[in-house]
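Have a look at start.csv below; it lists CSV, C-alpha atoms.
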```
chain,number,residue,atom,x,y,z
A,1471,MET,CA,100.3,113.2,81.3
A,1472,GLN,CA,98.3,116.2,82.3
A,1473,THR,CA,97.8,117.3,85.9
A,1474,ILE,CA,94.4,118.3,87.1
A,1475,THR,CA,94.2,120.4,90.3
A,1476,ALA,CA,90.9,120.6,92.1
A,1477,LEU,CA,90.9,123.8,94.2
A,1478,VAL,CA,88.5,123.0,97.0
A,1479,PHE,CA,87.1,124.8,100.1
A,1480,ASN,CA,84.9,124.1,103.1
A,1481,ASN,CA,81.2,123.4,102.1
A,1482,PHE,CA,82.0,122.5,98.5
A,1483,GLU,CA,79.2,120.4,96.8
A,1484,THR,CA,80.1,116.7,96.9
A,1485,LEU,CA,79.0,115.5,93.5
A,1486,ASP,CA,80.4,118.7,91.8
A,1487,LEU,CA,83.8,117.4,92.7
A,1488,TYR,CA,83.7,113.6,92.7
A,1489,GLY,CA,81.5,113.3,89.5
A,1490,VAL,CA,84.3,115.0,87.6
A,1491,VAL,CA,87.0,112.9,89.4
A,1492,GLU,CA,85.2,109.7,88.3
A,1493,MET,CA,85.2,110.7,84.7
A,1494,PHE,CA,88.8,111.8,84.5
A,1495,GLY,CA,89.8,108.9,86.7
A,1496,ARG,CA,88.8,106.6,83.8
A,1497,LEU,CA,91.8,107.9,81.9
A,1498,PRO,CA,94.6,107.2,84.4
A,1499,LYS,CA,97.4,107.4,81.7
A,1500,GLN,CA,96.2,110.8,80.6
A,1501,TYR,CA,95.4,112.6,83.8
A,1502,ARG,CA,96.8,112.8,87.3
A,1503,LEU,CA,94.7,114.5,90.0
A,1504,GLN,CA,95.6,116.6,93.0
A,1505,PHE,CA,93.4,118.2,95.6
A,1506,ALA,CA,94.4,121.7,96.7
A,1507,SER,CA,93.2,124.4,99.0
A,1508,ILE,CA,94.5,127.9,100.1
A,1509,SER,CA,95.7,126.7,103.5
A,1510,GLY,CA,96.4,123.0,102.7
A,1511,SER,CA,94.2,121.9,105.6
A,1512,LEU,CA,91.6,119.2,105.9
A,1513,ILE,CA,88.5,120.3,104.0
A,1514,HIS,CA,85.0,119.5,105.3
A,1515,ASN,CA,81.6,119.9,103.7
A,1516,HIS,CA,78.0,120.0,104.7
A,1517,HIS,CA,77.4,116.4,103.7
A,1518,GLY,CA,80.0,115.1,106.2
A,1519,VAL,CA,82.8,114.6,103.6
A,1520,THR,CA,86.4,115.3,104.6
A,1521,LEU,CA,89.5,115.3,102.4
A,1522,PRO,CA,93.1,116.2,102.9
A,1523,THR,CA,94.5,118.9,100.6
A,1524,THR,CA,97.8,120.4,99.6
A,1525,ALA,CA,98.4,124.2,100.0
A,1526,ILE,CA,98.4,125.7,96.6
A,1527,ALA,CA,101.7,127.4,97.4
A,1528,SER,CA,103.3,123.9,97.7
A,1529,LEU,CA,101.8,121.8,94.9
A,1530,GLU,CA,104.0,119.1,93.7
A,1531,TYR,CA,103.1,119.5,90.0
A,1532,PRO,CA,102.3,122.5,87.8
A,1533,THR,CA,98.7,122.5,86.7
A,1534,ASP,CA,97.4,121.8,83.2
A,1535,VAL,CA,93.7,121.8,84.2
A,1536,LEU,CA,92.2,123.8,87.0
A,1537,LEU,CA,88.9,122.5,88.4
A,1538,ILE,CA,86.8,124.8,90.6
A,1539,VAL,CA,83.6,123.4,92.0
A,1540,GLY,CA,80.5,125.0,93.6
A,1541,GLY,CA,78.5,124.6,96.7
A,1542,PRO,CA,77.2,126.6,99.7
A,1543,GLY,CA,80.8,127.6,100.5
A,1544,THR,CA,80.9,129.9,97.5
A,1545,ARG,CA,78.5,132.3,99.2
A,1546,ASP,CA,81.3,133.4,101.6
A,1547,LEU,CA,84.1,133.0,99.1
A,1548,VAL,CA,82.8,135.7,96.7
A,1549,HIS,CA,83.7,138.1,99.5
A,1550,ASP,CA,87.2,136.6,100.2
A,1551,SER,CA,89.7,138.7,98.4
A,1552,GLU,CA,92.6,136.4,99.1
A,1553,PHE,CA,90.8,133.4,97.7
A,1554,LEU,CA,89.7,135.3,94.6
A,1555,TYR,CA,93.2,136.6,94.0
A,1556,GLU,CA,94.7,133.1,94.2
A,1557,LEU,CA,91.9,131.8,91.9
A,1558,SER,CA,92.7,134.5,89.4
A,1559,CYS,CA,96.4,133.7,89.4
A,1560,PHE,CA,95.8,130.0,89.2
A,1561,SER,CA,93.3,130.5,86.3
A,1562,HIS,CA,95.8,132.6,84.3
A,1563,THR,CA,98.5,129.9,84.5
A,1564,ALA,CA,96.4,126.9,83.8
A,1565,ASN,CA,95.9,125.7,80.2
A,1566,TRP,CA,92.3,124.8,80.8
A,1567,VAL,CA,89.8,125.9,83.5
A,1568,LEU,CA,86.7,123.8,84.3
A,1569,SER,CA,84.0,125.0,86.7
A,1570,VAL,CA,81.0,123.1,88.0
A,1571,CYS,CA,77.8,124.7,89.3
A,1572,THR,CA,78.4,127.9,91.3
A,1573,GLY,CA,82.1,127.5,90.8
A,1574,SER,CA,81.6,129.9,87.8
A,1575,ALA,CA,80.4,132.6,90.3
A,1576,LEU,CA,83.9,132.5,91.8
A,1577,LEU,CA,85.6,132.7,88.4
A,1578,ALA,CA,83.2,135.6,87.5
A,1579,LYS,CA,83.9,137.5,90.7
A,1580,ALA,CA,87.6,136.9,90.3
A,1581,GLY,CA,87.3,138.7,86.9
A,1582,VAL,CA,88.7,135.9,84.8
A,1583,LEU,CA,85.5,135.4,82.7
A,1584,ASP,CA,85.2,139.0,81.7
A,1585,GLY,CA,83.9,139.2,78.1
A,1586,LEU,CA,83.4,135.5,77.9
A,1587,ARG,CA,80.3,133.3,77.7
A,1588,ALA,CA,79.6,131.1,80.7
A,1589,THR,CA,76.9,129.2,82.5
A,1590,SER,CA,76.1,128.0,86.1
A,1591,ASN,CA,73.5,126.4,88.3
A,1592,LYS,CA,70.0,127.3,87.2
A,1593,ARG,CA,68.7,127.0,90.8
A,1594,ALA,CA,71.1,129.8,91.9
A,1595,TRP,CA,71.0,131.8,88.7
A,1596,GLN,CA,70.2,135.3,89.9
A,1597,TRP,CA,72.8,135.2,92.6
A,1598,VAL,CA,75.5,133.9,90.2
A,1599,ILE,CA,74.9,136.5,87.5
A,1600,SER,CA,74.9,139.3,90.2
A,1601,GLN,CA,78.6,138.5,90.8
A,1602,SER,CA,79.6,140.1,87.5
A,1603,ASP,CA,77.9,142.0,84.7
A,1604,SER,CA,81.0,141.6,82.5
A,1605,VAL,CA,80.3,137.9,81.8
A,1606,VAL,CA,78.1,137.0,78.8
A,1607,TRP,CA,75.9,134.6,80.9
A,1608,GLN,CA,74.2,131.8,79.0
A,1609,PRO,CA,70.9,130.9,80.8
A,1610,GLN,CA,70.2,127.8,78.7
A,1611,ALA,CA,73.2,125.5,78.4
A,1612,ARG,CA,74.2,122.2,80.0
A,1613,TRP,CA,77.8,123.5,79.7
A,1614,VAL,CA,79.5,126.3,77.8
A,1615,VAL,CA,83.0,126.4,76.2
A,1616,ASP,CA,84.7,129.7,75.6
A,1617,ASP,CA,88.4,130.2,75.2
A,1618,LYS,CA,90.1,127.9,77.7
A,1619,PHE,CA,87.0,127.9,80.0
A,1620,TYR,CA,84.5,125.1,80.4
A,1621,THR,CA,81.6,126.1,82.7
A,1622,SER,CA,78.8,123.7,83.6
A,1623,SER,CA,75.3,123.9,84.9
A,1624,GLY,CA,74.3,122.6,88.4
A,1625,VAL,CA,75.9,119.7,90.2
A,1626,SER,CA,75.4,116.6,88.0
A,1627,ALA,CA,76.1,118.7,84.8
A,1628,GLY,CA,79.8,118.6,85.8
A,1629,MET,CA,79.9,115.0,84.7
A,1630,ASP,CA,78.4,115.8,81.3
A,1631,MET,CA,80.8,118.7,80.9
A,1632,THR,CA,83.8,116.5,81.8
A,1633,LEU,CA,82.8,114.0,79.2
A,1634,GLY,CA,82.5,116.9,76.7
A,1635,PHE,CA,86.0,118.0,77.6
A,1636,ILE,CA,87.3,114.5,77.2
A,1637,ALA,CA,85.5,114.2,73.8
A,1638,ASP,CA,87.1,117.5,72.7
A,1639,ARG,CA,90.6,116.2,73.6
A,1640,HIS,CA,90.4,112.4,73.0
A,1641,GLY,CA,87.4,112.0,70.6
A,1642,VAL,CA,83.7,111.4,71.3
A,1643,GLY,CA,84.2,107.6,71.2
A,1644,THR,CA,86.4,107.8,74.3
A,1645,ALA,CA,83.9,109.8,76.1
A,1646,ARG,CA,81.0,107.5,75.1
A,1647,GLN,CA,83.0,104.5,76.3
A,1648,ILE,CA,83.6,106.1,79.7
A,1649,ALA,CA,79.8,106.8,80.0
A,1650,TYR,CA,79.0,103.3,79.1
A,1651,ASP,CA,81.6,101.9,81.5
A,1652,VAL,CA,80.1,103.8,84.4
A,1653,GLU,CA,76.5,103.0,83.2
A,1654,TYR,CA,75.8,106.7,82.8
A,1655,ARG,CA,73.5,108.3,80.3
A,1656,TRP,CA,75.6,111.2,79.1
A,1657,HIS,CA,73.8,114.4,78.1
A,1658,GLU,CA,75.9,114.7,75.0
A,1659,ASP,CA,74.4,117.9,73.6
A,1660,ARG,CA,75.6,120.8,75.6
A,1661,HIS,CA,72.9,123.1,74.2
A,1662,ASN,CA,70.1,120.9,75.5
A,1663,ASP,CA,69.3,122.1,79.1
A,1664,GLU,CA,66.1,120.7,80.5
A,1665,PHE,CA,66.7,122.4,83.8
A,1666,CYS,CA,66.5,125.9,82.4
A,1667,PRO,CA,63.3,127.6,83.7
A,1668,ARG,CA,61.0,128.4,80.8
B,487,MET,CA,67.7,111.1,112.4
B,488,GLN,CA,69.1,108.0,110.8
B,489,THR,CA,72.8,107.2,110.6
B,490,ILE,CA,74.3,106.0,107.4
B,491,THR,CA,77.7,104.3,107.6
B,492,ALA,CA,79.7,104.0,104.4
B,493,LEU,CA,82.1,101.1,104.8
B,494,VAL,CA,85.0,101.9,102.5
B,495,PHE,CA,88.3,100.3,101.5
B,496,ASN,CA,91.3,101.1,99.3
B,497,ASN,CA,90.5,101.3,95.6
B,498,PHE,CA,86.8,101.9,96.1
B,499,GLU,CA,85.1,103.5,93.1
B,500,THR,CA,84.7,107.3,93.5
B,501,LEU,CA,81.2,107.9,92.1
B,502,ASP,CA,79.8,104.7,93.8
B,503,LEU,CA,80.4,106.4,97.1
B,504,TYR,CA,80.0,110.2,96.5
B,505,GLY,CA,77.0,109.9,94.2
B,506,VAL,CA,75.1,108.3,97.1
B,507,VAL,CA,76.5,110.9,99.6
B,508,GLU,CA,75.2,113.7,97.4
B,509,MET,CA,71.6,112.4,97.3
B,510,PHE,CA,71.4,111.6,101.1
B,511,GLY,CA,73.2,114.9,101.8
B,512,ARG,CA,70.2,116.7,100.4
B,513,LEU,CA,68.2,115.5,103.5
B,514,PRO,CA,70.4,116.8,106.3
B,515,LYS,CA,67.7,116.6,108.9
B,516,GLN,CA,66.9,113.0,108.1
B,517,TYR,CA,70.4,111.4,107.6
B,518,ARG,CA,73.8,111.8,109.2
B,519,LEU,CA,76.8,110.2,107.4
B,520,GLN,CA,79.9,108.6,108.8
B,521,PHE,CA,82.8,106.9,106.9
B,522,ALA,CA,84.2,103.7,108.3
B,523,SER,CA,86.8,101.1,107.4
B,524,ILE,CA,88.1,98.0,109.1
B,525,SER,CA,91.3,99.7,110.3
B,526,GLY,CA,90.2,103.3,110.7
B,527,SER,CA,93.1,104.5,108.6
B,528,LEU,CA,93.2,107.0,105.7
B,529,ILE,CA,91.6,105.3,102.6
B,530,HIS,CA,93.0,105.9,99.1
B,531,ASN,CA,91.7,105.0,95.7
B,532,HIS,CA,93.0,104.6,92.2
B,533,HIS,CA,91.6,108.0,91.2
B,534,GLY,CA,93.8,109.9,93.7
B,535,VAL,CA,91.0,110.3,96.3
B,536,THR,CA,91.9,110.1,100.0
B,537,LEU,CA,89.5,110.2,102.9
B,538,PRO,CA,89.9,109.7,106.7
B,539,THR,CA,87.8,107.0,108.2
B,540,THR,CA,86.8,105.7,111.7
B,541,ALA,CA,87.5,102.1,112.6
B,542,ILE,CA,84.2,100.2,112.6
B,543,ALA,CA,85.0,99.0,116.1
B,544,SER,CA,84.9,102.6,117.4
B,545,LEU,CA,82.0,104.2,115.5
B,546,GLU,CA,80.3,107.0,117.3
B,547,TYR,CA,76.7,106.1,116.4
B,548,PRO,CA,74.9,102.8,115.7
B,549,THR,CA,74.1,102.3,112.1
B,550,ASP,CA,70.6,102.4,110.6
B,551,VAL,CA,71.8,102.2,107.0
B,552,LEU,CA,74.9,100.4,105.8
B,553,LEU,CA,76.4,101.5,102.5
B,554,ILE,CA,78.9,99.2,100.7
B,555,VAL,CA,80.3,100.4,97.4
B,556,GLY,CA,82.3,98.7,94.7
B,557,GLY,CA,85.5,99.3,92.7
B,558,PRO,CA,88.7,97.5,91.9
B,559,GLY,CA,89.4,96.9,95.6
B,560,THR,CA,86.6,94.4,95.8
B,561,ARG,CA,88.7,91.9,93.7
B,562,ASP,CA,91.0,91.4,96.8
B,563,LEU,CA,88.3,91.7,99.4
B,564,VAL,CA,86.3,88.7,98.2
B,565,HIS,CA,89.3,86.7,99.6
B,566,ASP,CA,89.6,88.7,102.8
B,567,SER,CA,87.9,86.6,105.5
B,568,GLU,CA,88.2,89.3,108.2
B,569,PHE,CA,86.6,91.9,106.0
B,570,LEU,CA,83.8,89.5,105.0
B,571,TYR,CA,83.1,88.6,108.6
B,572,GLU,CA,82.9,92.2,109.7
B,573,LEU,CA,80.6,93.0,106.7
B,574,SER,CA,78.4,90.1,107.6
B,575,CYS,CA,78.0,91.2,111.2
B,576,PHE,CA,77.5,94.8,110.2
B,577,SER,CA,74.8,93.8,107.6
B,578,HIS,CA,72.9,91.8,110.2
B,579,THR,CA,72.7,94.7,112.6
B,580,ALA,CA,71.7,97.4,110.1
B,581,ASN,CA,68.1,98.2,109.4
B,582,TRP,CA,68.9,98.7,105.7
B,583,VAL,CA,71.8,97.7,103.5
B,584,LEU,CA,72.6,99.5,100.3
B,585,SER,CA,75.2,98.4,97.8
B,586,VAL,CA,76.5,100.0,94.6
B,587,CYS,CA,78.1,98.3,91.7
B,588,THR,CA,80.4,95.4,92.7
B,589,GLY,CA,79.6,96.1,96.4
B,590,SER,CA,77.0,93.4,96.0
B,591,ALA,CA,79.8,90.9,95.2
B,592,LEU,CA,81.1,91.5,98.7
B,593,LEU,CA,77.6,91.0,100.3
B,594,ALA,CA,77.2,87.9,98.2
B,595,LYS,CA,80.5,86.4,99.2
B,596,ALA,CA,79.8,87.3,102.9
B,597,GLY,CA,76.6,85.1,102.5
B,598,VAL,CA,74.1,87.8,103.5
B,599,LEU,CA,72.3,87.8,100.2
B,600,ASP,CA,71.6,84.0,100.2
B,601,GLY,CA,68.2,83.3,98.8
B,602,LEU,CA,67.6,87.0,97.9
B,603,ARG,CA,67.3,88.8,94.6
B,604,ALA,CA,70.1,91.2,93.8
B,605,THR,CA,71.9,93.0,91.0
B,606,SER,CA,75.4,94.4,90.2
B,607,ASN,CA,77.6,96.1,87.6
B,608,LYS,CA,76.8,94.7,84.2
B,609,ARG,CA,80.4,95.2,83.0
B,610,ALA,CA,81.7,92.8,85.7
B,611,TRP,CA,78.7,90.5,85.7
B,612,GLN,CA,80.3,87.1,85.3
B,613,TRP,CA,82.8,87.8,88.1
B,614,VAL,CA,80.1,89.1,90.4
B,615,ILE,CA,77.8,86.1,90.0
B,616,SER,CA,80.7,83.7,90.4
B,617,GLN,CA,81.0,84.9,94.0
B,618,SER,CA,77.8,83.1,95.1
B,619,ASP,CA,75.3,80.7,93.5
B,620,SER,CA,72.9,81.2,96.4
B,621,VAL,CA,71.9,84.7,95.2
B,622,VAL,CA,69.0,85.1,92.8
B,623,TRP,CA,70.9,87.4,90.5
B,624,GLN,CA,68.9,89.8,88.4
B,625,PRO,CA,70.7,90.5,85.1
B,626,GLN,CA,68.4,93.3,84.0
B,627,ALA,CA,67.6,95.9,86.7
B,628,ARG,CA,68.8,99.4,87.4
B,629,TRP,CA,68.4,98.4,91.1
B,630,VAL,CA,66.8,95.6,93.1
B,631,VAL,CA,65.0,95.7,96.4
B,632,ASP,CA,64.6,92.5,98.4
B,633,ASP,CA,64.0,92.3,102.2
B,634,LYS,CA,66.2,95.1,103.7
B,635,PHE,CA,68.7,95.1,100.8
B,636,TYR,CA,68.9,97.6,98.0
B,637,THR,CA,71.5,96.5,95.3
B,638,SER,CA,72.3,98.7,92.3
B,639,SER,CA,73.9,98.3,88.9
B,640,GLY,CA,77.2,99.9,88.0
B,641,VAL,CA,78.6,103.2,89.4
B,642,SER,CA,76.1,105.9,88.4
B,643,ALA,CA,73.2,103.6,89.2
B,644,GLY,CA,73.9,104.1,92.8
B,645,MET,CA,72.4,107.6,92.5
B,646,ASP,CA,69.2,106.2,91.0
B,647,MET,CA,68.9,103.6,93.7
B,648,THR,CA,69.5,106.1,96.5
B,649,LEU,CA,66.7,108.3,95.0
B,650,GLY,CA,64.6,105.1,94.9
B,651,PHE,CA,65.4,104.5,98.6
B,652,ILE,CA,64.5,108.1,99.5
B,653,ALA,CA,61.2,107.8,97.5
B,654,ASP,CA,60.3,104.6,99.4
B,655,ARG,CA,60.9,106.3,102.7
B,656,HIS,CA,59.9,109.9,102.1
B,657,GLY,CA,57.7,109.9,99.0
B,658,VAL,CA,58.5,110.1,95.3
B,659,GLY,CA,58.0,113.9,95.4
B,660,THR,CA,61.0,114.3,97.7
B,661,ALA,CA,63.2,112.2,95.5
B,662,ARG,CA,62.1,114.1,92.4
B,663,GLN,CA,62.8,117.4,94.1
B,664,ILE,CA,66.3,116.3,95.0
B,665,ALA,CA,67.0,115.1,91.4
B,666,TYR,CA,65.7,118.5,90.1
B,667,ASP,CA,67.8,120.4,92.6
B,668,VAL,CA,71.0,118.7,91.5
B,669,GLU,CA,69.9,118.9,87.9
B,670,TYR,CA,70.0,115.1,87.5
B,671,ARG,CA,67.8,113.1,85.2
B,672,TRP,CA,66.7,110.4,87.6
B,673,HIS,CA,66.2,106.9,86.1
B,674,GLU,CA,63.0,106.4,88.0
B,675,ASP,CA,62.1,103.0,86.8
B,676,ARG,CA,64.3,100.4,88.5
B,677,HIS,CA,63.3,97.7,85.9
B,678,ASN,CA,64.5,99.8,83.0
B,679,ASP,CA,68.2,98.9,82.5
B,680,GLU,CA,69.6,100.1,79.2
B,681,PHE,CA,73.1,98.9,80.2
B,682,CYS,CA,72.1,95.2,80.3
B,683,PRO,CA,73.7,93.4,77.4
B,684,ARG,CA,71.0,92.1,75.0
```
So, in terms of structure tokens, how does the structure I just supplied come out?
Amino acid sequence: MQTITALVFNNFETLDLYGVVEMFGRLPKQYRLQFASISGSLIHNHHGVTLPTTAIASLEYPTDVLLIVGGPGTRDLVHDSEFLYELSCFSHTANWVLSVCTGSALLAKAGVLDGLRATSNKRAWQWVISQSDSVVWQPQARWVVDDKFYTSSGVSAGMDMTLGFIADRHGVGTARQIAYDVEYRWHEDRHNDEFCPR
Amino acid sequence: MQTITALVFNNFETLDLYGVVEMFGRLPKQYRLQFASISGSLIHNHHGVTLPTTAIASLEYPTDVLLIVGGPGTRDLVHDSEFLYELSCFSHTANWVLSVCTGSALLAKAGVLDGLRATSNKRAWQWVISQSDSVVWQPQARWVVDDKFYTSSGVSAGMDMTLGFIADRHGVGTARQIAYDVEYRWHEDRHNDEFCPR
């Protein structure tokens, strides 16, 4: 069984996180999820969502998959050197790193995407790419895979990326079955990005 | 500002709840969200999600919109007379009642959908409709509106229904803008249900 650690923070985007959780949650014998933050405190967001977290220093299990989501909270975190240092360390030790939306801005600012291809939210594109000119930013992609990093477009694209990750590990039939079971029309082609401005 | 109360329970379905939260959360000046349960305890689900809740007896605000979601936990709750009584009372006092997935099985068993049209998850259809023969069940619908009740199909259909509710209250342009902002391809036609078995 693989452990997924979602590293969350105040004012994360709701669906960035829980859309991914739903898709991985459909494979309970394959993945175990834990929610972490720097401090281990209750985390709140701008939609009224609250969740308890474990401090990353005291996680129960090592992490196979690191999930970093986006949201308004990223605007402060790109200036938070402690957070970026912890994110960098965590990314180096994880086998896979998945980001949703502006989560890739945090990875970029932490330096772990240097020289790699990545994407992000198209509604916050200029701000995201301004965080690092060492990333080979992909302006038209539902999600991007490079090395051990999966980076997705905005918010709902995280669900498509997660199904893509599951397809890469467990076969496309498994991913399609999950999409069917949650009555979700999976955007299966990661190169097809209808939300990219023309 | 309208208050939405999400009535949750152990083993609720993750995306049923948080997909709706994301869409309403995009209108922060229109809607305020609170999470409630019968006991007011920490609620856990089968995906590893935990959230704090307020006991329905001590909610801070009256409820304009009641949200009831689905998930494996509904299988026990259809036999829980205290829960069904509270759900019935809550439904009668709310201006609008929205259900996602097997949440409509709970409304049906509580008797509040008697004589009304409603839908539910197509993967759990026979179990859902067995909860009440007084509901005019709609086997092919992404979501159904009847009187003050919006009932959706499985899991991800809750996002489409919520955008439909927002369109009905605030105009279709507002709903389309939210879908665009979260890079979501909204299933705008509630009669188009590709997940209905033929």
(request) Could you tell me how far CA of Asn581 in chain B lies from CA of Ile615 in chain B, in Å and to one decimal? (result) 24.8 Å
Contacts of Met1631 in chain A at 9 Å or less, counting only C-alpha atoms, minus same-chain residues fewer than 3 places along, as an mmCIF file with C-alpha atoms, keeping the file's coordinate frame?
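Output saved as out30.cif:
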```cif
data_model
loop_
_atom_site.group_PDB
_atom_site.id
_atom_site.type_symbol
_atom_site.label_atom_id
_atom_site.label_comp_id
_atom_site.auth_asym_id
_atom_site.auth_seq_id
_atom_site.Cartn_x
_atom_site.Cartn_y
_atom_site.Cartn_z
ATOM 1 C CA VAL A 1490 84.300 115.000 87.600
ATOM 2 C CA LEU A 1568 86.700 123.800 84.300
ATOM 3 C CA VAL A 1570 81.000 123.100 88.000
ATOM 4 C CA ARG A 1612 74.200 122.200 80.000
ATOM 5 C CA TRP A 1613 77.800 123.500 79.700
ATOM 6 C CA VAL A 1614 79.500 126.300 77.800
ATOM 7 C CA TYR A 1620 84.500 125.100 80.400
ATOM 8 C CA THR A 1621 81.600 126.100 82.700
ATOM 9 C CA SER A 1622 78.800 123.700 83.600
ATOM 10 C CA SER A 1623 75.300 123.900 84.900
ATOM 11 C CA ALA A 1627 76.100 118.700 84.800
ATOM 12 C CA GLY A 1628 79.800 118.600 85.800
ATOM 13 C CA GLY A 1634 82.500 116.900 76.700
ATOM 14 C CA PHE A 1635 86.000 118.000 77.600
ATOM 15 C CA ILE A 1636 87.300 114.500 77.200
ATOM 16 C CA HIS A 1657 73.800 114.400 78.100
ATOM 17 C CA GLU A 1658 75.900 114.700 75.000
ATOM 18 C CA ARG A 1660 75.600 120.800 75.600
#
```
(message) From the options B:Thr540, B:Ala604, B:Ser642, B:His530, which residue's atoms come nearest to Met1493 in chain A, counting all atoms listed in the file?
(response) B:Ser642
(request) Fewer than 6 positions away in the same chain doesn't count, so skip those; otherwise give me all residues within 8 Å of Phe635 in chain B, counting only C-alpha atoms, as a ChimeraX atom specification. (result) /B:582-585
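Atom to atom, CA of Ser620 in chain B and CA of Gly601 in chain B stand 5.7 Å apart.
From CA of Gly1573 in chain A back to CA of His1516 in chain A, the distance works out to 16.3 Å.
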Each chain B residue no farther than 9 Å from chain A, nearest pair in Å, all atoms listed in the file, as a Markdown table:
```
| residue | atom | partner | partner_atom | distance |
| --- | --- | --- | --- | --- |
| B:Glu499 | CA | A:Glu1492 | CA | 7.8 |
| B:Thr500 | CA | A:Glu1492 | CA | 5.7 |
| B:Leu501 | CA | A:Glu1492 | CA | 5.8 |
| B:Tyr504 | CA | A:Leu1485 | CA | 6.2 |
| B:Gly505 | CA | A:Leu1485 | CA | 6.0 |
| B:Val506 | CA | A:Leu1485 | CA | 8.9 |
| B:Val507 | CA | A:His1517 | CA | 6.9 |
| B:Glu508 | CA | A:Leu1485 | CA | 5.7 |
| B:Met509 | CA | A:Leu1485 | CA | 8.9 |
| B:Phe510 | CA | A:His1517 | CA | 8.1 |
| B:Gly511 | CA | A:His1517 | CA | 4.8 |
| B:Arg512 | CA | A:His1517 | CA | 7.9 |
| B:Pro514 | CA | A:His1517 | CA | 7.5 |
| B:Arg518 | CA | A:Gly1518 | CA | 7.6 |
| B:Leu519 | CA | A:Gly1518 | CA | 6.0 |
| B:Gln520 | CA | A:Gly1518 | CA | 7.0 |
| B:Phe521 | CA | A:Val1519 | CA | 8.4 |
| B:His532 | CA | A:Gly1495 | CA | 7.7 |
| B:His533 | CA | A:Gly1495 | CA | 4.9 |
| B:Gly534 | CA | A:Leu1503 | CA | 6.0 |
| B:Val535 | CA | A:Leu1521 | CA | 8.0 |
| B:Thr536 | CA | A:Leu1521 | CA | 6.2 |
| B:Leu537 | CA | A:Leu1521 | CA | 5.1 |
| B:Pro538 | CA | A:Thr1520 | CA | 6.9 |
| B:Asn607 | CA | A:Glu1653 | CA | 8.3 |
| B:Lys608 | CA | A:Glu1653 | CA | 8.4 |
| B:Arg609 | CA | A:Asp1651 | CA | 7.0 |
| B:Ser639 | CA | A:Glu1653 | CA | 7.8 |
| B:Gly640 | CA | A:Glu1653 | CA | 5.8 |
| B:Val641 | CA | A:Val1652 | CA | 5.3 |
| B:Ser642 | CA | A:Tyr1654 | CA | 5.7 |
| B:Ala643 | CA | A:Glu1653 | CA | 6.9 |
| B:Tyr666 | CA | A:Phe1665 | CA | 7.5 |
| B:Asp667 | CA | A:Arg1593 | CA | 6.9 |
| B:Val668 | CA | A:Val1625 | CA | 5.2 |
| B:Glu669 | CA | A:Gly1624 | CA | 5.8 |
| B:Tyr670 | CA | A:Ser1626 | CA | 5.6 |
| B:Arg671 | CA | A:Ser1626 | CA | 8.8 |
| B:Glu680 | CA | A:Glu1653 | CA | 8.5 |
| B:Phe681 | CA | A:Glu1653 | CA | 6.1 |
```
(request) Please identify all polymer residues within 8 Å of Val614 in chain B, counting all atoms listed in the file, omitting same-chain residues fewer than 5 positions from it, and present them as a list of chain:residue names. (result) B:Thr588, B:Ser590, B:Ala591, B:Ser606, B:Asn607
(request) Fewer than 2 positions away in the same chain doesn't count, so skip those; otherwise give me all residues within 10 Å of range 561-564 of chain B, counting only C-alpha atoms, as a ChimeraX atom specification. (result) /B:495-497,556-559,566-570,588,591-596,613-614,617
Output C-alpha atoms of each residue in that selection to a file, as a PDB file, in the coordinates of the input.
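The result, written out as part.pdb:
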```
ATOM      1  CA  PHE B 495      88.300 100.300 101.500  1.00  0.00           C
ATOM      2  CA  ASN B 496      91.300 101.100  99.300  1.00  0.00           C
ATOM      3  CA  ASN B 497      90.500 101.300  95.600  1.00  0.00           C
ATOM      4  CA  GLY B 556      82.300  98.700  94.700  1.00  0.00           C
ATOM      5  CA  GLY B 557      85.500  99.300  92.700  1.00  0.00           C
ATOM      6  CA  PRO B 558      88.700  97.500  91.900  1.00  0.00           C
ATOM      7  CA  GLY B 559      89.400  96.900  95.600  1.00  0.00           C
ATOM      8  CA  ASP B 566      89.600  88.700 102.800  1.00  0.00           C
ATOM      9  CA  SER B 567      87.900  86.600 105.500  1.00  0.00           C
ATOM     10  CA  GLU B 568      88.200  89.300 108.200  1.00  0.00           C
ATOM     11  CA  PHE B 569      86.600  91.900 106.000  1.00  0.00           C
ATOM     12  CA  LEU B 570      83.800  89.500 105.000  1.00  0.00           C
ATOM     13  CA  THR B 588      80.400  95.400  92.700  1.00  0.00           C
ATOM     14  CA  ALA B 591      79.800  90.900  95.200  1.00  0.00           C
ATOM     15  CA  LEU B 592      81.100  91.500  98.700  1.00  0.00           C
ATOM     16  CA  LEU B 593      77.600  91.000 100.300  1.00  0.00           C
ATOM     17  CA  ALA B 594      77.200  87.900  98.200  1.00  0.00           C
ATOM     18  CA  LYS B 595      80.500  86.400  99.200  1.00  0.00           C
ATOM     19  CA  ALA B 596      79.800  87.300 102.900  1.00  0.00           C
ATOM     20  CA  TRP B 613      82.800  87.800  88.100  1.00  0.00           C
ATOM     21  CA  VAL B 614      80.100  89.100  90.400  1.00  0.00           C
ATOM     22  CA  GLN B 617      81.000  84.900  94.000  1.00  0.00           C
TER      23      GLN B 617
END
```
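For the residues B:Ile529, B:Leu493, B:Ala580, B:Val621, ranking by smallest atom-to-atom distance to Gly597 in chain B using all atoms listed in the file places B:Val621 first.
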